[in-house]
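**Student:** Sharing a structure, written as structure tokens. Questions coming.
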Amino acid sequence: MLTLPGSAFPSDTGWLDKIHFDKIVHIGLFFTWVILFNLSDILKRKINLQKALKFTIAAIIYGVIMEFVQKNFIPNRGFDPGDMIANAVGAIAAFIAVNYLNKKRLVK
């Protein structure tokens with residue numbers, strides 16, 4: 001989704017713009033990405049928080065890079081710092097969730 005041309009998205013989203021649905025999608029994508037990268041550890045009930053933190057940092061860096069890719073290489077797409085923030089929020093929220101599972105020993 002991050003590399004689709006701008007023409008692939010509807011131009012009039014109406015009420016979705018009012019609730020910033022785009023940002024919700026970014027948060028959800030990056031939350032899911034970090035959870036999926038940690039899923040094997042979660043399922044094995046052995047969470048490595050250092051590895052989870054590395055995945056989180058990688059996701060944040062990827063989110064920043066993708067905004068520059070969209071601006072420079074994807075037709076009809078632009079650079080949105082709000083998307084970078086939403087990406088980081090999703091990744092960090094996933095790390096917090098993984099850390100919570102680890103602390104509560106729900107997965108150990």
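Each chain in the structure tokens gets a letter, A, B, ..., in the order shown, and its residues are numbered from 1; ligands are numbered from 1 in order too.
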I want to know what sits within 8 Å of region 26-33 of chain A, based on only C-alpha atoms, with residues of the same chain fewer than 5 positions away left out; could you give that as number ranges by chain?
**Tutor:** A: 59, 83, 86-94
**Student:** Could you pull the residues within 10 Å of Ile57 (chain A), counting only C-alpha atoms, minus those fewer than 4 positions along the same chain, as a PyMOL selection string?
**Tutor:** chain A and resi 34+51-53+61-63+88+91-92+95
**Student:** Which value, in Å to one decimal, gives the distance between CA of Ala97 (chain A) and CA of Asp22 (chain A)?
**Tutor:**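 We find that CA of Ala97 (chain A) and CA of Asp22 (chain A) lie 22.2 Å from each other.
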**Student:** Which neighbours of Phe79 (chain A) fall inside 10 Å, counting only C-alpha atoms, when residues of the same chain fewer than 2 positions from it are skipped, and could you give them as a short mmCIF file (atom, residue, chain, number, x, y, z; two decimals) with all heavy atoms, in the first residue's frame?
**Tutor:**
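Below is the file that was written, result14.cif:
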```cif
data_model
loop_
_atom_site.label_atom_id
_atom_site.label_comp_id
_atom_site.auth_asym_id
_atom_site.auth_seq_id
_atom_site.Cartn_x
_atom_site.Cartn_y
_atom_site.Cartn_z
N VAL A 64 9.99 6.12 7.82
CA VAL A 64 10.58 7.40 7.41
C VAL A 64 11.07 7.31 5.97
O VAL A 64 10.79 8.17 5.14
CB VAL A 64 11.72 7.81 8.36
CG1 VAL A 64 12.49 9.00 7.82
CG2 VAL A 64 11.17 8.11 9.76
N MET A 66 10.12 5.31 3.62
CA MET A 66 9.02 5.18 2.66
C MET A 66 8.37 6.52 2.34
O MET A 66 7.89 6.72 1.22
CB MET A 66 7.98 4.18 3.18
CG MET A 66 8.44 2.74 3.10
SD MET A 66 9.11 2.25 1.50
CE MET A 66 7.70 2.50 0.43
N GLU A 67 8.37 7.45 3.28
CA GLU A 67 7.82 8.78 2.97
C GLU A 67 8.69 9.48 1.93
O GLU A 67 8.17 10.15 1.04
CB GLU A 67 7.70 9.62 4.24
CG GLU A 67 6.53 9.23 5.11
CD GLU A 67 5.20 9.27 4.39
OE1 GLU A 67 4.89 10.28 3.73
OE2 GLU A 67 4.45 8.27 4.48
N PHE A 68 10.00 9.32 2.03
CA PHE A 68 10.89 9.91 1.02
C PHE A 68 10.73 9.19 -0.32
O PHE A 68 10.76 9.83 -1.38
CB PHE A 68 12.35 9.87 1.48
CG PHE A 68 12.66 10.88 2.55
CD1 PHE A 68 12.72 10.51 3.88
CD2 PHE A 68 12.86 12.21 2.22
CE1 PHE A 68 12.99 11.44 4.87
CE2 PHE A 68 13.13 13.16 3.19
CZ PHE A 68 13.19 12.77 4.53
N VAL A 69 10.53 7.87 -0.30
CA VAL A 69 10.29 7.12 -1.53
C VAL A 69 9.01 7.60 -2.19
O VAL A 69 8.96 7.83 -3.41
CB VAL A 69 10.24 5.60 -1.24
CG1 VAL A 69 9.70 4.82 -2.44
CG2 VAL A 69 11.61 5.08 -0.85
N GLN A 70 7.95 7.77 -1.38
CA GLN A 70 6.69 8.25 -1.94
C GLN A 70 6.85 9.63 -2.58
O GLN A 70 6.31 9.88 -3.66
CB GLN A 70 5.62 8.32 -0.84
CG GLN A 70 5.14 6.97 -0.38
CD GLN A 70 4.17 7.07 0.78
OE1 GLN A 70 3.89 8.14 1.28
NE2 GLN A 70 3.67 5.92 1.21
N LYS A 71 7.57 10.49 -1.91
CA LYS A 71 7.76 11.85 -2.42
C LYS A 71 8.53 11.85 -3.74
O LYS A 71 8.19 12.59 -4.66
CB LYS A 71 8.51 12.69 -1.39
CG LYS A 71 8.85 14.08 -1.86
CD LYS A 71 9.67 14.82 -0.83
CE LYS A 71 10.10 16.18 -1.35
NZ LYS A 71 11.01 16.84 -0.44
N ASN A 72 9.57 11.04 -3.83
CA ASN A 72 10.50 11.13 -4.95
C ASN A 72 10.26 10.12 -6.08
O ASN A 72 10.71 10.36 -7.20
CB ASN A 72 11.93 10.98 -4.45
CG ASN A 72 12.32 12.14 -3.55
OD1 ASN A 72 12.22 13.29 -3.95
ND2 ASN A 72 12.76 11.84 -2.34
N ARG A 77 2.08 10.89 -5.21
CA ARG A 77 2.18 10.69 -3.77
C ARG A 77 3.09 11.78 -3.23
O ARG A 77 3.96 12.31 -3.92
CB ARG A 77 2.78 9.32 -3.42
CG ARG A 77 1.93 8.13 -3.78
CD ARG A 77 0.66 7.99 -2.97
NE ARG A 77 0.85 7.70 -1.58
CZ ARG A 77 0.84 6.48 -1.06
NH1 ARG A 77 0.66 5.43 -1.83
NH2 ARG A 77 1.00 6.30 0.24
N PRO A 81 4.75 14.21 7.05
CA PRO A 81 5.34 13.92 8.37
C PRO A 81 4.32 13.26 9.31
O PRO A 81 4.71 12.47 10.16
CB PRO A 81 5.76 15.28 8.90
CG PRO A 81 5.87 16.16 7.70
CD PRO A 81 4.88 15.62 6.71
N GLY A 82 3.05 13.55 9.13
CA GLY A 82 2.02 12.91 9.95
C GLY A 82 1.97 11.41 9.75
O GLY A 82 1.71 10.65 10.69
N ASP A 83 2.25 10.97 8.52
CA ASP A 83 2.31 9.53 8.26
C ASP A 83 3.50 8.90 8.98
O ASP A 83 3.40 7.79 9.50
CB ASP A 83 2.41 9.25 6.76
CG ASP A 83 1.10 9.50 6.03
OD1 ASP A 83 0.07 9.70 6.70
OD2 ASP A 83 1.13 9.51 4.78
N MET A 84 4.63 9.60 8.99
CA MET A 84 5.80 9.08 9.71
C MET A 84 5.49 8.93 11.19
O MET A 84 5.87 7.93 11.82
CB MET A 84 7.01 10.00 9.52
CG MET A 84 7.59 9.95 8.13
SD MET A 84 9.17 10.78 7.96
CE MET A 84 8.75 12.46 8.34
#
```
**Student:** Can you work out the spacing between CA of Ile24 (chain A) and CA of Lys54 (chain A) in Å, to one decimal?
**Tutor:**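 Here the two named atoms are 23.2 Å from each other.
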**Student:** For a quick check of understanding, using only C-alpha atoms, which of A:Ile35, A:Asp80, A:Ser40, A:Ile60 has the smallest distance to Asn99 (chain A)?
**Tutor:**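 Of the candidates, the smallest distance to Asn99 (chain A) is held by A:Ile35.
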